[in-house]
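Source file: entry_22.txt (compact mmCIF, C-alpha atoms)
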```txt
# COMPACT_ATOMS: atom_id res chain seq x y z
CA MET A 259 11.13 -30.65 -5.67
CA ASP A 260 9.67 -32.78 -8.42
CA ARG A 261 8.66 -30.69 -11.42
CA THR A 262 5.20 -32.22 -11.92
CA LEU A 263 4.35 -31.69 -8.24
CA LEU A 264 5.56 -28.09 -8.51
CA ASP A 265 3.42 -27.51 -11.58
CA PHE A 266 0.43 -29.01 -9.83
CA TRP A 267 0.70 -26.76 -6.79
CA VAL A 268 1.30 -23.60 -8.78
CA GLY A 269 -1.60 -24.49 -11.06
CA LEU A 270 -3.83 -25.02 -8.03
CA PHE A 271 -2.73 -21.69 -6.55
CA VAL A 272 -3.34 -19.72 -9.75
CA THR A 273 -6.73 -21.38 -10.24
CA LEU A 274 -7.68 -20.56 -6.65
CA GLY A 275 -6.64 -16.95 -7.09
CA ILE A 276 -8.57 -16.51 -10.32
CA ALA A 277 -11.57 -18.29 -8.81
CA ALA A 278 -11.44 -15.84 -5.87
CA LEU A 279 -11.37 -12.92 -8.31
CA PHE A 280 -14.36 -14.34 -10.17
CA ALA A 281 -16.22 -14.90 -6.93
CA LEU A 282 -15.53 -11.29 -5.95
CA ALA A 283 -16.77 -10.11 -9.34
CA LEU A 284 -19.93 -12.22 -9.46
CA LYS A 285 -20.97 -12.86 -5.87
CA VAL A 286 -19.78 -9.74 -4.06
CA SER A 287 -20.14 -6.90 -6.56
CA ASN A 288 -22.82 -5.77 -8.93
CA SER A 289 -21.19 -6.58 -12.24
CA GLU A 290 -22.74 -3.66 -14.07
CA GLY A 291 -19.20 -2.77 -15.06
CA PHE A 292 -19.58 -5.43 -17.76
CA SER A 293 -23.07 -4.93 -19.09
CA ARG A 294 -23.59 -1.32 -19.93
CA GLY A 295 -26.66 -1.55 -22.13
CA SER A 296 -28.00 1.30 -24.22
CA THR A 297 -29.54 4.14 -22.24
CA TYR A 298 -31.33 7.41 -22.84
CA THR A 299 -30.92 10.59 -20.84
CA VAL A 300 -33.73 12.56 -19.26
CA THR A 301 -33.43 15.66 -17.07
CA ALA A 302 -35.56 17.04 -14.27
CA SER A 303 -35.21 20.14 -12.11
CA PHE A 304 -35.84 20.18 -8.39
CA ASN A 305 -36.08 22.92 -5.78
CA ASN A 306 -34.06 20.82 -3.38
CA ILE A 307 -32.36 17.50 -4.03
CA GLY A 308 -31.46 16.78 -0.39
CA ALA A 309 -28.55 14.35 -0.33
CA LEU A 310 -29.05 12.86 -3.78
CA LYS A 311 -25.73 11.76 -5.29
CA VAL A 312 -24.45 10.98 -8.76
CA ARG A 313 -24.89 7.23 -9.46
CA ALA A 314 -27.89 7.06 -7.14
CA PRO A 315 -30.50 4.59 -8.41
CA VAL A 316 -33.58 5.68 -10.34
CA LYS A 317 -36.48 3.43 -9.40
CA SER A 318 -39.97 2.93 -10.67
CA ALA A 319 -42.31 0.76 -8.63
CA GLY A 320 -39.24 -0.13 -6.59
CA VAL A 321 -37.31 -1.59 -9.54
CA VAL A 322 -34.03 0.04 -10.57
CA VAL A 323 -34.51 1.41 -14.10
CA GLY A 324 -31.52 3.74 -14.33
CA ARG A 325 -28.91 5.86 -12.56
CA VAL A 326 -28.44 9.55 -11.86
CA SER A 327 -25.67 10.62 -14.24
CA ALA A 328 -25.09 14.28 -13.35
CA ILE A 329 -26.28 16.97 -10.96
CA HIS A 330 -25.87 20.68 -11.78
CA PHE A 331 -27.05 23.95 -10.31
CA ASP A 332 -29.01 26.13 -12.70
CA ASN A 333 -28.04 29.71 -11.97
CA LYS A 334 -31.05 31.17 -13.83
CA THR A 335 -33.88 29.36 -12.09
CA PHE A 336 -31.87 28.60 -8.92
CA GLU A 337 -32.91 24.99 -9.13
CA ALA A 338 -30.95 21.74 -9.18
CA LEU A 339 -30.77 20.11 -12.60
CA VAL A 340 -30.59 16.31 -12.36
CA SER A 341 -29.73 14.22 -15.42
CA MET A 342 -30.52 10.52 -15.30
CA GLN A 343 -29.73 7.67 -17.64
CA LEU A 344 -32.63 5.29 -18.07
CA ASP A 345 -32.37 1.79 -19.49
CA SER A 346 -33.67 1.72 -23.08
CA ARG A 347 -35.71 -1.37 -22.26
CA TYR A 348 -38.04 0.78 -20.19
CA ALA A 349 -40.20 3.57 -21.67
CA PHE A 350 -42.14 6.11 -19.61
CA PRO A 351 -45.05 8.42 -20.61
CA LYS A 352 -44.29 12.11 -21.14
CA ASP A 353 -46.19 13.18 -18.02
CA THR A 354 -44.19 10.94 -15.70
CA SER A 355 -43.41 12.62 -12.40
CA ALA A 356 -40.08 12.38 -10.53
CA SER A 357 -39.65 12.58 -6.79
CA ILE A 358 -36.68 12.18 -4.47
CA LEU A 359 -37.31 9.60 -1.76
CA THR A 360 -35.28 7.93 0.95
CA SER A 361 -34.87 4.19 1.29
CA GLY A 362 -35.56 3.45 4.93
CA LEU A 363 -35.46 6.13 7.60
CA LEU A 364 -31.76 6.93 7.32
CA GLY A 365 -30.92 5.19 4.06
CA GLU A 366 -29.59 6.59 0.80
CA GLN A 367 -31.77 8.81 -1.36
CA TYR A 368 -33.03 7.71 -4.74
CA LEU A 369 -35.12 9.09 -7.55
CA ALA A 370 -38.57 7.59 -7.99
CA LEU A 371 -40.45 7.81 -11.29
CA ASP A 372 -44.23 7.70 -11.17
CA PRO A 373 -45.60 7.01 -14.68
CA GLY A 374 -48.49 9.14 -15.92
CA GLY A 375 -51.09 8.44 -18.60
CA ASP A 376 -49.75 10.22 -21.70
CA SER A 377 -49.71 8.20 -24.93
CA HIS A 378 -46.29 9.65 -25.95
CA ASN A 379 -43.15 8.38 -24.28
CA LEU A 380 -40.11 10.22 -22.97
CA VAL A 381 -37.23 10.28 -25.45
CA ASN A 382 -33.55 11.17 -25.17
CA GLY A 383 -33.07 14.78 -24.01
CA ASP A 384 -36.60 15.26 -22.67
CA THR A 385 -37.36 17.05 -19.41
CA ILE A 386 -39.62 15.73 -16.70
CA LYS A 387 -42.02 18.57 -15.83
CA ILE A 388 -43.63 17.34 -12.63
CA THR A 389 -41.10 16.97 -9.82
CA GLN A 390 -41.24 16.67 -6.07
CA SER A 391 -38.23 17.74 -4.03
CA ALA A 392 -36.53 15.82 -1.29
CA VAL A 393 -38.03 15.99 2.17
CA VAL A 394 -35.63 17.79 4.48
CA LEU A 395 -36.05 16.49 8.00
CA GLU A 396 -35.29 19.84 9.66
CA ASN A 397 -38.04 21.62 7.67
CA LEU A 398 -40.46 18.85 8.55
CA ILE A 399 -39.69 19.10 12.26
CA SER A 400 -39.93 22.89 12.31
CA GLN A 401 -43.28 22.69 10.47
CA PHE A 402 -44.49 20.11 12.96
CA LEU A 403 -43.41 22.23 15.93
CA TYR A 404 -45.03 25.31 14.37
CA ASN A 405 -48.33 23.44 13.95
CA LYS A 406 -48.14 22.12 17.50
CA ALA A 407 -47.52 25.59 18.84
CA SER A 408 -50.51 27.02 16.99
CA ASP A 409 -52.65 24.03 18.10
CA SER A 410 -51.78 24.45 21.76
CA GLY A 411 -52.51 28.15 21.43
CA ASN A 412 -56.09 27.28 20.46
CA GLN A 413 -56.72 24.58 23.05
CA SER A 414 -56.76 25.03 26.81
CA ASN A 415 -54.90 21.75 27.57
CA GLY A 416 -52.29 21.77 24.79
CA GLY A 417 -49.83 19.53 26.67
CA GLY A 418 -51.95 16.41 26.19
CA ALA A 419 -52.26 16.96 22.45
CA ALA A 420 -48.53 17.40 22.08
CA ASN A 421 -47.90 14.10 23.87
CA VAL A 422 -50.17 12.27 21.43
CA GLY A 423 -48.43 13.87 18.50
CA VAL A 424 -44.92 13.01 19.61
CA LYS A 425 -45.73 9.35 20.15
CA PRO A 426 -43.89 7.42 17.42
CA MET B 117 33.73 22.06 15.24
CA LYS B 118 30.80 20.32 16.82
CA ALA B 119 28.25 22.12 14.59
CA ASN B 120 30.40 21.24 11.62
CA ASN B 121 30.24 17.57 12.55
CA PHE B 122 26.45 17.78 12.96
CA PHE B 123 25.92 19.24 9.51
CA SER B 124 28.27 16.83 7.80
CA ARG B 125 26.34 13.97 9.39
CA ILE B 126 23.09 15.26 7.94
CA GLY B 127 24.80 15.73 4.60
CA ARG B 128 26.21 12.21 4.59
CA PHE B 129 22.86 10.74 5.56
CA THR B 130 21.06 12.61 2.77
CA LEU B 131 23.64 11.71 0.14
CA ASP B 132 23.66 8.07 1.24
CA SER B 133 19.87 7.84 1.05
CA ILE B 134 19.74 9.38 -2.41
CA THR B 135 22.58 7.17 -3.63
CA ARG B 136 20.78 4.10 -2.31
CA LEU B 137 17.53 5.13 -4.00
CA GLY B 138 19.41 5.67 -7.24
CA THR B 139 21.14 2.28 -6.97
CA ALA B 140 17.79 0.63 -6.31
CA THR B 141 16.25 2.30 -9.37
CA ARG B 142 19.16 1.20 -11.56
CA PHE B 143 18.82 -2.29 -10.11
CA LEU B 144 15.09 -2.29 -10.99
CA SER B 145 15.74 -1.18 -14.55
CA GLN B 146 18.41 -3.91 -14.88
CA VAL B 147 15.90 -6.50 -13.64
CA LEU B 148 13.23 -5.31 -16.07
CA MET B 149 15.65 -5.24 -19.00
CA ARG B 150 16.98 -8.73 -18.37
CA SER B 151 13.59 -10.34 -17.74
CA GLY B 152 13.61 -11.99 -21.16
CA THR B 153 15.08 -15.20 -19.79
CA SER B 154 12.34 -15.63 -17.20
CA TRP B 155 9.67 -15.50 -19.91
CA ARG B 156 11.57 -17.83 -22.23
CA ARG B 157 12.23 -20.30 -19.39
CA PHE B 158 8.94 -19.88 -17.57
CA GLN B 159 9.71 -22.88 -15.38
CA LEU B 160 12.01 -20.61 -13.36
CA VAL B 161 9.12 -18.25 -12.61
CA ILE B 162 6.81 -21.14 -11.73
CA ARG B 163 9.33 -22.31 -9.13
CA GLU B 164 9.31 -18.82 -7.59
CA ILE B 165 5.50 -18.58 -7.68
CA TYR B 166 5.61 -21.82 -5.70
CA SER B 167 7.98 -20.52 -3.05
CA SER B 168 6.47 -17.06 -2.63
CA GLY B 169 2.83 -17.72 -3.55
CA VAL B 170 1.87 -21.30 -2.75
CA LEU B 171 3.86 -21.42 0.48
CA SER B 172 2.20 -18.16 1.65
CA LEU B 173 -1.24 -19.59 0.96
CA ILE B 174 -1.86 -21.07 4.40
CA ILE B 175 -0.98 -17.93 6.35
CA ILE B 176 -3.05 -15.82 3.92
CA VAL B 177 -6.13 -18.05 4.19
CA ALA B 178 -5.89 -18.33 7.98
CA SER B 179 -5.38 -14.59 8.52
CA GLY B 180 -8.10 -13.73 6.02
CA LEU B 181 -10.57 -15.94 7.81
CA PHE B 182 -9.76 -14.45 11.21
CA VAL B 183 -9.76 -10.84 9.99
CA GLY B 184 -13.15 -11.42 8.37
CA MET B 185 -14.55 -13.03 11.51
CA VAL B 186 -13.32 -10.15 13.68
CA LEU B 187 -14.83 -7.65 11.24
CA GLY B 188 -18.09 -9.57 11.45
CA LEU B 189 -18.14 -9.50 15.25
CA GLN B 190 -17.06 -5.88 15.67
CA GLY B 191 -19.16 -4.58 12.83
CA TYR B 192 -22.22 -6.36 14.17
CA GLN B 193 -21.76 -4.83 17.62
CA THR B 194 -21.59 -1.29 16.23
CA LEU B 195 -24.25 -1.65 13.53
CA GLN B 196 -26.64 -3.26 15.99
CA THR B 197 -26.57 -0.04 18.04
CA TYR B 198 -28.04 1.80 15.06
CA GLY B 199 -30.40 -0.99 14.14
CA SER B 200 -28.77 -1.60 10.80
CA ALA B 201 -27.11 -4.97 11.34
CA GLN B 202 -28.36 -6.05 7.91
CA SER B 203 -25.67 -3.91 6.24
CA LEU B 204 -22.97 -6.04 7.89
CA GLY B 205 -22.19 -7.58 4.49
CA VAL B 206 -21.48 -4.15 3.02
CA LEU B 207 -19.15 -3.25 5.87
CA VAL B 208 -17.21 -6.50 5.71
CA ALA B 209 -16.95 -6.59 1.91
CA LEU B 210 -16.01 -2.96 1.38
CA SER B 211 -13.38 -2.84 4.10
CA LEU B 212 -11.83 -6.09 2.89
CA VAL B 213 -11.92 -5.43 -0.83
CA ARG B 214 -10.80 -1.82 -0.67
CA GLU B 215 -8.27 -1.77 2.15
CA LEU B 216 -7.66 -4.75 4.37
CA GLY B 217 -7.36 -7.34 1.60
CA PRO B 218 -4.54 -5.69 -0.35
CA VAL B 219 -2.79 -4.12 2.67
CA VAL B 220 -2.81 -7.01 5.16
CA ALA B 221 -2.06 -9.55 2.44
CA ALA B 222 0.89 -7.41 1.33
CA LEU B 223 2.17 -7.03 4.91
CA LEU B 224 1.98 -10.80 5.36
CA PHE B 225 3.60 -11.30 1.97
CA ALA B 226 6.45 -8.97 2.94
CA SER B 227 7.18 -10.82 6.15
CA ARG B 228 6.60 -14.31 4.78
CA ALA B 229 7.98 -14.18 1.23
CA GLY B 230 9.95 -10.92 1.15
CA SER B 231 12.19 -11.85 4.05
CA ALA B 232 12.77 -15.28 2.54
CA ILE B 233 13.81 -13.75 -0.78
CA THR B 234 16.25 -11.36 0.92
CA ALA B 235 17.80 -14.09 3.02
CA GLU B 236 18.13 -16.42 0.03
CA VAL B 237 19.70 -13.87 -2.32
CA GLY B 238 21.86 -12.44 0.47
CA LEU B 239 23.21 -15.88 1.35
CA MET B 240 23.93 -16.56 -2.33
CA LYS B 241 25.96 -13.38 -2.39
CA THR B 242 27.76 -14.18 0.87
CA THR B 243 28.74 -17.66 -0.26
CA GLU B 244 29.89 -16.17 -3.57
CA GLN B 245 27.43 -18.16 -5.63
CA LEU B 246 26.52 -15.05 -7.59
CA GLN B 247 30.15 -14.39 -8.48
CA ALA B 248 30.58 -18.01 -9.43
CA MET B 249 27.66 -17.68 -11.82
CA GLU B 250 29.22 -14.62 -13.37
CA MET B 251 32.44 -16.59 -13.81
CA MET B 252 30.47 -19.15 -15.78
CA ALA B 253 28.96 -16.35 -17.92
CA VAL B 254 25.52 -16.85 -16.38
CA ASP B 255 23.89 -13.51 -15.64
CA PRO B 256 22.79 -13.69 -11.96
CA ILE B 257 20.20 -10.93 -12.47
CA ALA B 258 18.57 -12.79 -15.34
CA ARG B 259 18.86 -16.23 -13.72
CA ILE B 260 18.24 -15.49 -10.00
CA VAL B 261 16.68 -12.06 -9.54
CA ALA B 262 14.24 -11.62 -12.45
CA PRO B 263 12.31 -14.89 -11.92
CA ARG B 264 11.83 -14.04 -8.23
CA PHE B 265 10.63 -10.59 -9.20
CA TRP B 266 8.00 -11.89 -11.63
CA GLY B 267 6.99 -14.67 -9.26
CA GLY B 268 6.24 -12.09 -6.56
CA VAL B 269 4.44 -9.70 -8.89
CA ILE B 270 2.20 -12.51 -10.19
CA SER B 271 1.52 -14.05 -6.76
CA MET B 272 0.55 -10.91 -4.86
CA PRO B 273 -2.77 -9.97 -6.58
CA LEU B 274 -3.89 -13.61 -6.41
CA LEU B 275 -3.04 -13.79 -2.71
CA ALA B 276 -4.95 -10.54 -2.04
CA ALA B 277 -8.01 -11.84 -3.89
CA ILE B 278 -7.91 -15.08 -1.90
CA PHE B 279 -7.50 -13.07 1.31
CA SER B 280 -10.54 -10.89 0.54
CA MET B 281 -12.68 -13.85 -0.42
CA THR B 282 -11.85 -15.91 2.69
CA GLY B 283 -12.34 -12.76 4.78
CA ILE B 284 -15.81 -12.22 3.37
CA TYR B 285 -16.57 -15.88 4.00
CA GLY B 286 -15.37 -15.45 7.60
CA GLY B 287 -17.65 -12.44 8.02
CA TYR B 288 -20.48 -14.52 6.56
CA LEU B 289 -19.80 -17.36 9.03
CA ILE B 290 -19.95 -15.01 12.02
CA GLY B 291 -22.66 -12.65 10.77
CA VAL B 292 -25.10 -15.12 9.25
CA ARG B 293 -24.40 -18.43 10.92
CA LEU B 294 -23.57 -17.22 14.43
CA LEU B 295 -25.29 -13.85 14.94
CA GLY B 296 -28.34 -14.44 12.76
CA VAL B 297 -28.17 -11.72 10.11
CA ASP B 298 -30.45 -12.75 7.25
CA ASP B 299 -28.63 -14.74 4.58
CA GLY B 300 -30.26 -13.06 1.58
CA THR B 301 -29.90 -9.51 2.88
CA PHE B 302 -26.25 -10.08 3.70
CA TRP B 303 -25.36 -10.91 0.10
CA SER B 304 -27.83 -8.66 -1.71
CA GLN B 305 -26.90 -5.52 0.27
CA MET B 306 -23.27 -6.36 -0.38
CA GLN B 307 -23.90 -6.73 -4.10
CA SER B 308 -25.76 -3.46 -4.38
CA ALA B 309 -23.05 -1.52 -2.54
CA VAL B 310 -19.84 -3.01 -3.97
CA SER B 311 -19.08 -2.02 -7.54
CA PHE B 312 -16.79 -4.12 -9.69
CA ARG B 313 -14.87 -1.34 -11.35
CA GLU B 314 -14.52 1.08 -8.47
CA ASP B 315 -13.92 -1.31 -5.59
CA ILE B 316 -12.70 -4.69 -6.78
CA LEU B 317 -10.60 -3.55 -9.72
CA ASN B 318 -8.98 -0.81 -7.64
CA GLY B 319 -8.22 -3.40 -4.95
CA VAL B 320 -6.51 -5.60 -7.53
CA ILE B 321 -4.50 -2.63 -8.83
CA LYS B 322 -3.44 -1.82 -5.27
CA SER B 323 -2.27 -5.35 -4.58
CA ALA B 324 -0.32 -5.47 -7.86
CA VAL B 325 1.46 -2.23 -6.90
CA PHE B 326 2.23 -3.61 -3.43
CA GLY B 327 3.54 -6.87 -4.89
CA PHE B 328 5.84 -4.90 -7.20
CA ALA B 329 7.15 -2.72 -4.36
CA VAL B 330 7.69 -5.56 -1.87
CA THR B 331 9.52 -7.80 -4.32
CA VAL B 332 11.78 -5.03 -5.58
CA ILE B 333 12.70 -4.02 -2.02
CA ALA B 334 13.32 -7.62 -0.95
CA LEU B 335 15.49 -8.40 -3.99
CA PHE B 336 17.46 -5.17 -3.75
CA GLU B 337 18.16 -5.62 -0.04
CA GLY B 338 19.35 -9.17 -0.68
CA TYR B 339 21.47 -8.25 -3.68
CA ASP B 340 22.94 -5.24 -1.90
CA ALA B 341 23.51 -6.96 1.48
CA VAL B 342 26.87 -6.75 3.21
CA PRO B 343 28.23 -10.29 2.63
CA THR B 344 28.46 -11.34 6.26
CA ALA B 345 26.12 -13.18 8.61
CA GLU B 346 25.29 -9.91 10.31
CA GLY B 347 24.78 -8.19 6.97
CA ILE B 348 22.14 -10.73 5.95
CA SER B 349 20.27 -10.40 9.22
CA ARG B 350 20.28 -6.61 8.86
CA ALA B 351 19.15 -6.82 5.26
CA THR B 352 16.25 -9.13 6.19
CA THR B 353 15.13 -6.77 8.94
CA ARG B 354 15.36 -3.81 6.58
CA THR B 355 13.27 -5.63 4.00
CA VAL B 356 10.40 -6.18 6.42
CA VAL B 357 10.56 -2.67 7.89
CA THR B 358 11.00 -0.81 4.60
CA SER B 359 8.38 -2.77 2.70
CA SER B 360 5.81 -2.45 5.49
CA LEU B 361 6.28 1.32 5.60
CA THR B 362 6.23 1.52 1.81
CA ILE B 363 3.00 -0.49 1.65
CA LEU B 364 1.25 1.79 4.13
CA ALA B 365 2.49 4.99 2.48
CA LEU B 366 1.61 3.75 -1.01
CA ASP B 367 -1.79 2.67 0.27
CA PHE B 368 -2.51 6.19 1.44
CA ILE B 369 -1.46 7.68 -1.88
CA LEU B 370 -3.43 5.15 -3.94
CA THR B 371 -6.54 5.53 -1.77
CA ALA B 372 -6.35 9.31 -2.10
CA PHE B 373 -6.32 8.95 -5.89
CA MET B 374 -8.86 6.14 -6.21
CA PHE B 375 -11.60 6.90 -3.71
CA ARG B 376 -11.48 10.68 -3.54
CA GLY B 377 -14.79 11.18 -5.30
CA ALA B 378 -16.71 8.40 -3.60
```
Hey, can you dump this file as structure tokens for me?
Amino acid sequence: MDRTLLDFWVGLFVTLGIAALFALALKVSNSEGFSRGSTYTVTASFNNIGALKVRAPVKSAGVVVGRVSAIHFDNKTFEALVSMQLDSRYAFPKDTSASILTSGLLGEQYLALDPGGDSHNLVNGDTIKITQSAVVLENLISQFLYNKASDSGNQSNGGGAANVGVKP
Amino acid sequence: MKANNFFSRIGRFTLDSITRLGTATRFLSQVLMRSGTSWRRFQLVIREIYSSGVLSLIIIVASGLFVGMVLGLQGYQTLQTYGSAQSLGVLVALSLVRELGPVVAALLFASRAGSAITAEVGLMKTTEQLQAMEMMAVDPIARIVAPRFWGGVISMPLLAAIFSMTGIYGGYLIGVRLLGVDDGTFWSQMQSAVSFREDILNGVIKSAVFGFAVTVIALFEGYDAVPTAEGISRATTRTVVTSSLTILALDFILTAFMFRGA
């Protein structure tokens, strides 16, 4: 085969391959592997973290402001100790509260930050005092059933009330 | 006497396998040591990238498109049952980038390019072209084997990336254009779930390892073939069988190391 034609085809192939890699990097994946900006670490302790995972997003007002960096079990307080790395571009007041929420009904769990009104901001190594644990569906259902049972004990026609309650 | 025969068969089989593995390893180290020529005369490698990479392009693109479209259809059916058809993009992208892209591309590469390499080198040996080269003081490993090796190793990751990308496009065609998943959700869910370092880079590493394994097996089988017509046909079959099994076994090992924590 002619050498120039060969060079052309191989060049086209290599360009296509590298273009596919770039497309995978830019269009398909979140390219946070490249831009790791400066962060600061804040910890918070929870009674129950549910199914929160390392690398889960930390959101405030629905915007991702950081990632969960580590989860430990504190053997003194018997609570879960969650460390999160927040983007240095965002500052939060000292009395910010953290809660573990679920995106959608069955989606992944994330950490939500609700800013308070303090004039001082959280700095590296601080602890978030006000926390709200994850909602565990089983506890919720058992609480609901318990309430229903006590309700129907009070009323004469409890069946009707239960039907209204179960309606989605 | 019969038991004796049985045990000596097992013994011979074991010794033969180990000897063959050792020969293959020595062959590989020879190829790596005499690769200097292929970098100094890069035109030789370019020719091999053409025959193993460019000529495999059509089968890779066509299979990638179909695999992606099937993933789109099947994934949609299952996800629809749970009311989460909008994460179709995640399903298609993750399964292609992590597993199907490298593995299926490598299987196709083994049967398309690997068998061709074995047949070519085996025929050169049978027709005594390799000996003729040695007579002329041209090193056949440096001139014939090493450029094919590097051509395969360079082509394979590029082919896998093209396979994944066309597959994702196929899934997009079916999911968004045909079945009506929302365009924006398809891509944004995919982007938030696929990470560059953990998924895409590991996929590229996988395909590079597969390319290495397939090309070494194909070259060794060709170079080691019994110099008859039957020998070449056996060597070609062995290339496809051995490299397919190697790809799948290596894939398991690599996946166990890469995605254990995730």
May I have the residues within 8 Å of segment 365-374 of chain A as a PDB file with C-alpha atoms, in the coordinates of the input, using all atoms listed in the file and disregarding those fewer than 3 positions away in the same chain?
```
ATOM      1  CA  ALA A 309     -28.550  14.350  -0.330  1.00  0.00           C
ATOM      2  CA  LEU A 310     -29.050  12.860  -3.780  1.00  0.00           C
ATOM      3  CA  LYS A 311     -25.730  11.760  -5.290  1.00  0.00           C
ATOM      4  CA  ALA A 314     -27.890   7.060  -7.140  1.00  0.00           C
ATOM      5  CA  PRO A 315     -30.500   4.590  -8.410  1.00  0.00           C
ATOM      6  CA  VAL A 316     -33.580   5.680 -10.340  1.00  0.00           C
ATOM      7  CA  LYS A 317     -36.480   3.430  -9.400  1.00  0.00           C
ATOM      8  CA  SER A 318     -39.970   2.930 -10.670  1.00  0.00           C
ATOM      9  CA  ALA A 319     -42.310   0.760  -8.630  1.00  0.00           C
ATOM     10  CA  GLY A 320     -39.240  -0.130  -6.590  1.00  0.00           C
ATOM     11  CA  VAL A 326     -28.440   9.550 -11.860  1.00  0.00           C
ATOM     12  CA  PHE A 350     -42.140   6.110 -19.610  1.00  0.00           C
ATOM     13  CA  PRO A 351     -45.050   8.420 -20.610  1.00  0.00           C
ATOM     14  CA  LYS A 352     -44.290  12.110 -21.140  1.00  0.00           C
ATOM     15  CA  ASP A 353     -46.190  13.180 -18.020  1.00  0.00           C
ATOM     16  CA  THR A 354     -44.190  10.940 -15.700  1.00  0.00           C
ATOM     17  CA  SER A 355     -43.410  12.620 -12.400  1.00  0.00           C
ATOM     18  CA  ALA A 356     -40.080  12.380 -10.530  1.00  0.00           C
ATOM     19  CA  SER A 357     -39.650  12.580  -6.790  1.00  0.00           C
ATOM     20  CA  ILE A 358     -36.680  12.180  -4.470  1.00  0.00           C
ATOM     21  CA  LEU A 359     -37.310   9.600  -1.760  1.00  0.00           C
ATOM     22  CA  THR A 360     -35.280   7.930   0.950  1.00  0.00           C
ATOM     23  CA  SER A 361     -34.870   4.190   1.290  1.00  0.00           C
ATOM     24  CA  GLY A 362     -35.560   3.450   4.930  1.00  0.00           C
TER      25      GLY A 362
END
```
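Using all atoms listed in the file, the shortest contact distance between Thr242 of chain B and any of B:Phe368, B:Phe122, B:Phe143, B:Tyr339 is found at B:Tyr339.
Computed from the coordinates, the atom CA of Ile348 of chain B to atom CA of Thr234 of chain B distance equals 7.8 Å.
Look at Gly295 of chain A: the protein and nucleic acid residues within 12 Å of it, using all atoms listed in the file and passing over chain neighbours fewer than 6 places away, are Val323, Gly324, Gln343, Leu344, Asp345, Ser346, Arg347 and Tyr348 of chain A.
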What are the closest atom pairs, with distances in Å to one decimal, for all residues of chain A lying within 9 Å of chain B? Consider all atoms listed in the file, order rows by chain and residue number, and present the result as JSON lines.
```
{"residue": "A:Arg261", "atom": "CA", "partner": "B:Arg163", "partner_atom": "CA", "distance": 8.7}
{"residue": "A:Leu264", "atom": "CA", "partner": "B:Tyr166", "partner_atom": "CA", "distance": 6.9}
{"residue": "A:Asp265", "atom": "CA", "partner": "B:Ile162", "partner_atom": "CA", "distance": 7.2}
{"residue": "A:Trp267", "atom": "CA", "partner": "B:Val170", "partner_atom": "CA", "distance": 6.9}
{"residue": "A:Val268", "atom": "CA", "partner": "B:Tyr166", "partner_atom": "CA", "distance": 5.6}
{"residue": "A:Leu270", "atom": "CA", "partner": "B:Val170", "partner_atom": "CA", "distance": 8.6}
{"residue": "A:Phe271", "atom": "CA", "partner": "B:Val170", "partner_atom": "CA", "distance": 6.0}
{"residue": "A:Val272", "atom": "CA", "partner": "B:Leu274", "partner_atom": "CA", "distance": 7.0}
{"residue": "A:Leu274", "atom": "CA", "partner": "B:Ile278", "partner_atom": "CA", "distance": 7.3}
{"residue": "A:Gly275", "atom": "CA", "partner": "B:Leu274", "partner_atom": "CA", "distance": 4.4}
{"residue": "A:Ile276", "atom": "CA", "partner": "B:Leu274", "partner_atom": "CA", "distance": 6.8}
{"residue": "A:Ala277", "atom": "CA", "partner": "B:Ile278", "partner_atom": "CA", "distance": 8.5}
{"residue": "A:Ala278", "atom": "CA", "partner": "B:Ile278", "partner_atom": "CA", "distance": 5.4}
{"residue": "A:Leu279", "atom": "CA", "partner": "B:Ala277", "partner_atom": "CA", "distance": 5.7}
{"residue": "A:Ala281", "atom": "CA", "partner": "B:Met281", "partner_atom": "CA", "distance": 7.5}
{"residue": "A:Leu282", "atom": "CA", "partner": "B:Met281", "partner_atom": "CA", "distance": 6.7}
{"residue": "A:Ala283", "atom": "CA", "partner": "B:Phe312", "partner_atom": "CA", "distance": 6.0}
{"residue": "A:Leu284", "atom": "CA", "partner": "B:Gln307", "partner_atom": "CA", "distance": 8.6}
{"residue": "A:Lys285", "atom": "CA", "partner": "B:Gln307", "partner_atom": "CA", "distance": 7.0}
{"residue": "A:Val286", "atom": "CA", "partner": "B:Gln307", "partner_atom": "CA", "distance": 5.1}
{"residue": "A:Ser287", "atom": "CA", "partner": "B:Gln307", "partner_atom": "CA", "distance": 4.5}
{"residue": "A:Asn288", "atom": "CA", "partner": "B:Gln307", "partner_atom": "CA", "distance": 5.0}
{"residue": "A:Ser289", "atom": "CA", "partner": "B:Phe312", "partner_atom": "CA", "distance": 5.6}
{"residue": "A:Glu290", "atom": "CA", "partner": "B:Phe312", "partner_atom": "CA", "distance": 7.4}
{"residue": "A:Gly291", "atom": "CA", "partner": "B:Arg313", "partner_atom": "CA", "distance": 5.9}
{"residue": "A:Phe292", "atom": "CA", "partner": "B:Phe312", "partner_atom": "CA", "distance": 8.6}
```
Applying 6 Å and all atoms listed in the file, which residues near segment 390-398 of chain A remain after dropping the ones on its own chain fewer than 3 positions away? List them as a compact mmCIF listing (two decimals) with C-alpha atoms, in the coordinates of the input.
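Result saved to selection32.txt:
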```txt
# COMPACT_ATOMS: atom_id res chain seq x y z
CA PHE A 304 -35.84 20.18 -8.39
CA ASN A 305 -36.08 22.92 -5.78
CA ASN A 306 -34.06 20.82 -3.38
CA ILE A 307 -32.36 17.50 -4.03
CA GLY A 308 -31.46 16.78 -0.39
CA SER A 357 -39.65 12.58 -6.79
CA ILE A 358 -36.68 12.18 -4.47
CA GLN A 401 -43.28 22.69 10.47
```
